[in-house]
Amino acid sequence: MNKNETTTKLDNTDHEIIKQLTHDGRKSYRQIAKDLNISVGTITNRINKLTKIGIIKGFQIQLDYAALGYSIETLIEIESTGNIKHIINKYPENIITAHKTTGQYNTLLITRFKDTKELDNFLENITKEENINKTYTQLILNTI
């Protein structure tokens with residue numbers, strides 16, 4: 001079953017469960033069942049099904065990075081000629097997400113740093129990598 005076939009087989013209950021979990025990934029199955037007026041067993045089965053078919057890939061927490069001391073958030077575009085997974089694996093505390101993209105810069109990193117010195121060190125280190133041609137960094141001022 002491909003993903004397009006999977007999407008068409010989801011009913012309103014599945015979509016409501018997804019909506020509830022998207023809003024609060026820690027919401028209890030009991031509370032979801034109460035909100036949707038469905039048994040806890042049905043909610044459990046539906047969530048297990050959504051996980052098994054790959055619609056739900058996991059449950060994540062959202063952190064307040066500023067409260068953890070990360071006051072700088074950036075978008076860093078990278079022009080590279082090879083695989084940069086080793087860079088991503090080397091800086092898990094700084095790289096929040098990494099995306100392959102089209103265009104001159106073929107990778108986009110969303111990153112967080114404690115201060116400008118940490119950002120500067122990061123940029124200096126990655127630009128020394130053999131397959132990194134150049135980077136383009138933008139500071140994120142605010143999330144809308």
# chains A, B, ... in the order shown; residues from 1 in each chain; ligands from 1
call {"tool": "select_by_dssp", "arguments": {"residues": "segment 15-124 of chain A", "states": "strand (DSSP E or B)", "output": "number ranges by chain"}}
result
A: 72-80, 95-100, 107-113
call {"tool": "write_last_selection", "arguments": {"atoms": "N, CA, C and O atoms", "output": "mmCIF file, in the first residue's frame"}}
result
data_model
loop_
_atom_site.group_PDB
_atom_site.id
_atom_site.type_symbol
_atom_site.label_atom_id
_atom_site.label_comp_id
_atom_site.auth_asym_id
_atom_site.auth_seq_id
_atom_site.Cartn_x
_atom_site.Cartn_y
_atom_site.Cartn_z
ATOM 1 N N ILE A 72 20.213 32.265 20.011
ATOM 2 C CA ILE A 72 20.345 32.573 18.587
ATOM 3 C C ILE A 72 19.795 31.413 17.768
ATOM 4 O O ILE A 72 20.199 30.261 17.946
ATOM 5 N N GLU A 73 18.890 31.736 16.852
ATOM 6 C CA GLU A 73 18.336 30.746 15.935
ATOM 7 C C GLU A 73 18.654 31.218 14.523
ATOM 8 O O GLU A 73 18.517 32.392 14.205
ATOM 9 N N THR A 74 19.106 30.288 13.677
ATOM 10 C CA THR A 74 19.515 30.664 12.327
ATOM 11 C C THR A 74 18.995 29.680 11.285
ATOM 12 O O THR A 74 18.656 28.543 11.589
ATOM 13 N N LEU A 75 18.979 30.175 10.072
ATOM 14 C CA LEU A 75 18.823 29.346 8.881
ATOM 15 C C LEU A 75 20.183 29.381 8.202
ATOM 16 O O LEU A 75 20.700 30.463 7.914
ATOM 17 N N ILE A 76 20.755 28.225 7.965
ATOM 18 C CA ILE A 76 22.059 28.165 7.298
ATOM 19 C C ILE A 76 21.886 27.333 6.035
ATOM 20 O O ILE A 76 21.524 26.158 6.100
ATOM 21 N N GLU A 77 22.123 27.981 4.901
ATOM 22 C CA GLU A 77 22.087 27.275 3.626
ATOM 23 C C GLU A 77 23.516 26.855 3.292
ATOM 24 O O GLU A 77 24.458 27.617 3.501
ATOM 25 N N ILE A 78 23.644 25.640 2.794
ATOM 26 C CA ILE A 78 24.970 25.092 2.486
ATOM 27 C C ILE A 78 25.010 24.643 1.038
ATOM 28 O O ILE A 78 24.113 23.945 0.575
ATOM 29 N N GLU A 79 26.061 25.057 0.343
ATOM 30 C CA GLU A 79 26.341 24.533 -0.995
ATOM 31 C C GLU A 79 27.419 23.474 -0.809
ATOM 32 O O GLU A 79 28.538 23.790 -0.390
ATOM 33 N N SER A 80 27.071 22.236 -1.090
ATOM 34 C CA SER A 80 28.037 21.150 -0.898
ATOM 35 C C SER A 80 28.085 20.263 -2.130
ATOM 36 O O SER A 80 27.181 20.258 -2.951
ATOM 37 N N ILE A 95 22.081 21.612 15.517
ATOM 38 C CA ILE A 95 21.263 21.437 14.315
ATOM 39 C C ILE A 95 19.927 20.831 14.715
ATOM 40 O O ILE A 95 19.860 19.698 15.177
ATOM 41 N N ILE A 96 18.881 21.609 14.532
ATOM 42 C CA ILE A 96 17.537 21.165 14.899
ATOM 43 C C ILE A 96 16.949 20.321 13.775
ATOM 44 O O ILE A 96 16.444 19.232 14.007
ATOM 45 N N THR A 97 17.013 20.824 12.553
ATOM 46 C CA THR A 97 16.559 20.063 11.394
ATOM 47 C C THR A 97 17.478 20.341 10.216
ATOM 48 O O THR A 97 18.130 21.381 10.144
ATOM 49 N N ALA A 98 17.506 19.393 9.301
ATOM 50 C CA ALA A 98 18.305 19.526 8.081
ATOM 51 C C ALA A 98 17.448 19.071 6.915
ATOM 52 O O ALA A 98 16.771 18.050 6.996
ATOM 53 N N HIS A 99 17.473 19.859 5.839
ATOM 54 C CA HIS A 99 16.656 19.561 4.662
ATOM 55 C C HIS A 99 17.510 19.604 3.398
ATOM 56 O O HIS A 99 18.307 20.527 3.231
ATOM 57 N N LYS A 100 17.344 18.615 2.530
ATOM 58 C CA LYS A 100 17.927 18.695 1.185
ATOM 59 C C LYS A 100 17.010 19.599 0.384
ATOM 60 O O LYS A 100 15.788 19.460 0.445
ATOM 61 N N THR A 107 21.392 22.336 0.798
ATOM 62 C CA THR A 107 21.012 21.904 2.144
ATOM 63 C C THR A 107 20.618 23.124 2.963
ATOM 64 O O THR A 107 21.264 24.171 2.882
ATOM 65 N N LEU A 108 19.552 22.977 3.748
ATOM 66 C CA LEU A 108 19.112 24.031 4.664
ATOM 67 C C LEU A 108 19.128 23.472 6.074
ATOM 68 O O LEU A 108 18.515 22.434 6.344
ATOM 69 N N LEU A 109 19.851 24.152 6.952
ATOM 70 C CA LEU A 109 19.894 23.764 8.355
ATOM 71 C C LEU A 109 19.130 24.789 9.181
ATOM 72 O O LEU A 109 19.279 25.995 8.965
ATOM 73 N N ILE A 110 18.335 24.313 10.106
ATOM 74 C CA ILE A 110 17.751 25.183 11.116
ATOM 75 C C ILE A 110 18.546 24.885 12.374
ATOM 76 O O ILE A 110 18.630 23.735 12.819
ATOM 77 N N THR A 111 19.161 25.925 12.921
ATOM 78 C CA THR A 111 20.124 25.732 14.003
ATOM 79 C C THR A 111 19.840 26.661 15.183
ATOM 80 O O THR A 111 19.154 27.675 15.036
ATOM 81 N N ARG A 112 20.434 26.311 16.321
ATOM 82 C CA ARG A 112 20.350 27.152 17.516
ATOM 83 C C ARG A 112 21.720 27.182 18.183
ATOM 84 O O ARG A 112 22.416 26.170 18.238
ATOM 85 N N PHE A 113 22.054 28.370 18.710
ATOM 86 C CA PHE A 113 23.347 28.557 19.357
ATOM 87 C C PHE A 113 23.168 29.397 20.608
ATOM 88 O O PHE A 113 22.248 30.210 20.694
#
call {"tool": "select_by_dssp", "arguments": {"residues": "segment 5-133 of chain A", "states": "helix (DSSP H, G or I)", "output": "ChimeraX atom specification"}}
result
/A:5-8,12-23,29-36,40-52,85-90,116-127
call {"tool": "closest_residue", "arguments": {"among": "A:Ser28, A:Thr81, A:Ser71, A:Thr22", "to": "Ile56 of chain A", "atoms": "only C-alpha atoms"}}
result
A:Thr22
call {"tool": "residues_around", "arguments": {"residues": "Tyr70 of chain A", "least_positions_apart": "4", "cutoff": "10 Å", "atoms": "only C-alpha atoms", "output": "VMD selection string"}}
result
chain A and resid 64 to 66 93 to 94 111 to 115
call {"tool": "write_last_selection", "arguments": {"atoms": "all heavy atoms", "output": "PDB file, in the first residue's frame"}}
result
ATOM      1  N   ASP A  64      11.654  25.003  24.863  1.00  0.00           N
ATOM      2  CA  ASP A  64      11.904  26.439  24.871  1.00  0.00           C
ATOM      3  C   ASP A  64      13.416  26.588  24.887  1.00  0.00           C
ATOM      4  O   ASP A  64      14.054  26.536  25.945  1.00  0.00           O
ATOM      5  CB  ASP A  64      11.263  27.082  26.099  1.00  0.00           C
ATOM      6  CG  ASP A  64      11.495  28.581  26.160  1.00  0.00           C
ATOM      7  OD1 ASP A  64      12.351  29.106  25.405  1.00  0.00           O
ATOM      8  OD2 ASP A  64      10.823  29.238  26.975  1.00  0.00           O
ATOM      9  N   TYR A  65      14.004  26.721  23.707  1.00  0.00           N
ATOM     10  CA  TYR A  65      15.461  26.761  23.596  1.00  0.00           C
ATOM     11  C   TYR A  65      16.062  27.984  24.270  1.00  0.00           C
ATOM     12  O   TYR A  65      17.164  27.915  24.815  1.00  0.00           O
ATOM     13  CB  TYR A  65      15.893  26.668  22.132  1.00  0.00           C
ATOM     14  CG  TYR A  65      15.720  25.277  21.584  1.00  0.00           C
ATOM     15  CD1 TYR A  65      14.585  24.928  20.859  1.00  0.00           C
ATOM     16  CD2 TYR A  65      16.671  24.297  21.821  1.00  0.00           C
ATOM     17  CE1 TYR A  65      14.416  23.638  20.381  1.00  0.00           C
ATOM     18  CE2 TYR A  65      16.510  23.006  21.353  1.00  0.00           C
ATOM     19  CZ  TYR A  65      15.373  22.685  20.626  1.00  0.00           C
ATOM     20  OH  TYR A  65      15.198  21.412  20.169  1.00  0.00           O
ATOM     21  N   ALA A  66      15.343  29.096  24.272  1.00  0.00           N
ATOM     22  CA  ALA A  66      15.845  30.286  24.958  1.00  0.00           C
ATOM     23  C   ALA A  66      16.011  30.007  26.444  1.00  0.00           C
ATOM     24  O   ALA A  66      16.994  30.417  27.065  1.00  0.00           O
ATOM     25  CB  ALA A  66      14.917  31.467  24.719  1.00  0.00           C
ATOM     26  N   GLU A  93      23.459  19.111  19.128  1.00  0.00           N
ATOM     27  CA  GLU A  93      22.956  20.130  20.046  1.00  0.00           C
ATOM     28  C   GLU A  93      22.652  21.446  19.333  1.00  0.00           C
ATOM     29  O   GLU A  93      21.925  22.276  19.865  1.00  0.00           O
ATOM     30  CB  GLU A  93      23.951  20.367  21.198  1.00  0.00           C
ATOM     31  CG  GLU A  93      25.248  21.055  20.800  1.00  0.00           C
ATOM     32  CD  GLU A  93      26.289  20.147  20.148  1.00  0.00           C
ATOM     33  OE1 GLU A  93      26.052  18.941  19.981  1.00  0.00           O
ATOM     34  OE2 GLU A  93      27.365  20.658  19.789  1.00  0.00           O
ATOM     35  N   ASN A  94      23.183  21.629  18.132  1.00  0.00           N
ATOM     36  CA  ASN A  94      22.966  22.871  17.393  1.00  0.00           C
ATOM     37  C   ASN A  94      22.020  22.731  16.207  1.00  0.00           C
ATOM     38  O   ASN A  94      21.268  23.648  15.908  1.00  0.00           O
ATOM     39  CB  ASN A  94      24.301  23.435  16.889  1.00  0.00           C
ATOM     40  CG  ASN A  94      25.249  23.761  18.008  1.00  0.00           C
ATOM     41  OD1 ASN A  94      26.254  23.096  18.167  1.00  0.00           O
ATOM     42  ND2 ASN A  94      24.933  24.761  18.803  1.00  0.00           N
ATOM     43  N   THR A 111      19.161  25.925  12.921  1.00  0.00           N
ATOM     44  CA  THR A 111      20.124  25.732  14.003  1.00  0.00           C
ATOM     45  C   THR A 111      19.840  26.661  15.183  1.00  0.00           C
ATOM     46  O   THR A 111      19.154  27.675  15.036  1.00  0.00           O
ATOM     47  CB  THR A 111      21.553  26.004  13.501  1.00  0.00           C
ATOM     48  OG1 THR A 111      21.624  27.349  13.044  1.00  0.00           O
ATOM     49  CG2 THR A 111      21.938  25.070  12.379  1.00  0.00           C
ATOM     50  N   ARG A 112      20.434  26.311  16.321  1.00  0.00           N
ATOM     51  CA  ARG A 112      20.350  27.152  17.516  1.00  0.00           C
ATOM     52  C   ARG A 112      21.720  27.182  18.183  1.00  0.00           C
ATOM     53  O   ARG A 112      22.416  26.170  18.238  1.00  0.00           O
ATOM     54  CB  ARG A 112      19.306  26.599  18.474  1.00  0.00           C
ATOM     55  CG  ARG A 112      17.910  26.737  17.890  1.00  0.00           C
ATOM     56  CD  ARG A 112      16.847  26.578  18.942  1.00  0.00           C
ATOM     57  NE  ARG A 112      15.551  26.924  18.399  1.00  0.00           N
ATOM     58  CZ  ARG A 112      14.746  26.063  17.763  1.00  0.00           C
ATOM     59  NH1 ARG A 112      15.119  24.827  17.572  1.00  0.00           N
ATOM     60  NH2 ARG A 112      13.574  26.459  17.316  1.00  0.00           N
ATOM     61  N   PHE A 113      22.054  28.370  18.710  1.00  0.00           N
ATOM     62  CA  PHE A 113      23.347  28.557  19.357  1.00  0.00           C
ATOM     63  C   PHE A 113      23.168  29.397  20.608  1.00  0.00           C
ATOM     64  O   PHE A 113      22.248  30.210  20.694  1.00  0.00           O
ATOM     65  CB  PHE A 113      24.336  29.251  18.404  1.00  0.00           C
ATOM     66  CG  PHE A 113      24.573  28.471  17.151  1.00  0.00           C
ATOM     67  CD1 PHE A 113      23.839  28.730  16.008  1.00  0.00           C
ATOM     68  CD2 PHE A 113      25.515  27.454  17.122  1.00  0.00           C
ATOM     69  CE1 PHE A 113      24.030  27.993  14.848  1.00  0.00           C
ATOM     70  CE2 PHE A 113      25.714  26.708  15.967  1.00  0.00           C
ATOM     71  CZ  PHE A 113      24.971  26.982  14.830  1.00  0.00           C
ATOM     72  N   LYS A 114      24.086  29.215  21.551  1.00  0.00           N
ATOM     73  CA  LYS A 114      24.005  29.963  22.799  1.00  0.00           C
ATOM     74  C   LYS A 114      24.422  31.419  22.626  1.00  0.00           C
ATOM     75  O   LYS A 114      23.910  32.298  23.289  1.00  0.00           O
ATOM     76  CB  LYS A 114      24.838  29.278  23.879  1.00  0.00           C
ATOM     77  CG  LYS A 114      24.238  27.943  24.282  1.00  0.00           C
ATOM     78  CD  LYS A 114      24.960  27.304  25.419  1.00  0.00           C
ATOM     79  CE  LYS A 114      24.210  26.014  25.771  1.00  0.00           C
ATOM     80  NZ  LYS A 114      24.769  25.337  26.898  1.00  0.00           N
ATOM     81  N   ASP A 115      25.376  31.646  21.727  1.00  0.00           N
ATOM     82  CA  ASP A 115      25.848  33.016  21.502  1.00  0.00           C
ATOM     83  C   ASP A 115      26.521  33.104  20.136  1.00  0.00           C
ATOM     84  O   ASP A 115      26.664  32.098  19.440  1.00  0.00           O
ATOM     85  CB  ASP A 115      26.812  33.452  22.621  1.00  0.00           C
ATOM     86  CG  ASP A 115      27.952  32.478  22.848  1.00  0.00           C
ATOM     87  OD1 ASP A 115      28.458  31.890  21.863  1.00  0.00           O
ATOM     88  OD2 ASP A 115      28.348  32.301  24.013  1.00  0.00           O
TER      89      ASP A 115
END
call {"tool": "atom_distance", "arguments": {"atom1": "atom CA of Asp14 of chain A", "atom2": "atom CA of Arg46 of chain A"}}
result
6.8 Å
call {"tool": "residues_around", "arguments": {"residues": "Ile43 of chain A", "least_positions_apart": "3", "cutoff": "10 Å", "atoms": "only C-alpha atoms", "output": "list in words"}}
result
Thr13, Asp14, Ile17, Ser28, Tyr29, Arg30, Gln31, Ile32, Ala33, Lys34, Leu36, Ile38, Ser39, Val40, Arg46, Ile47, Asn48 and Lys49 of chain A
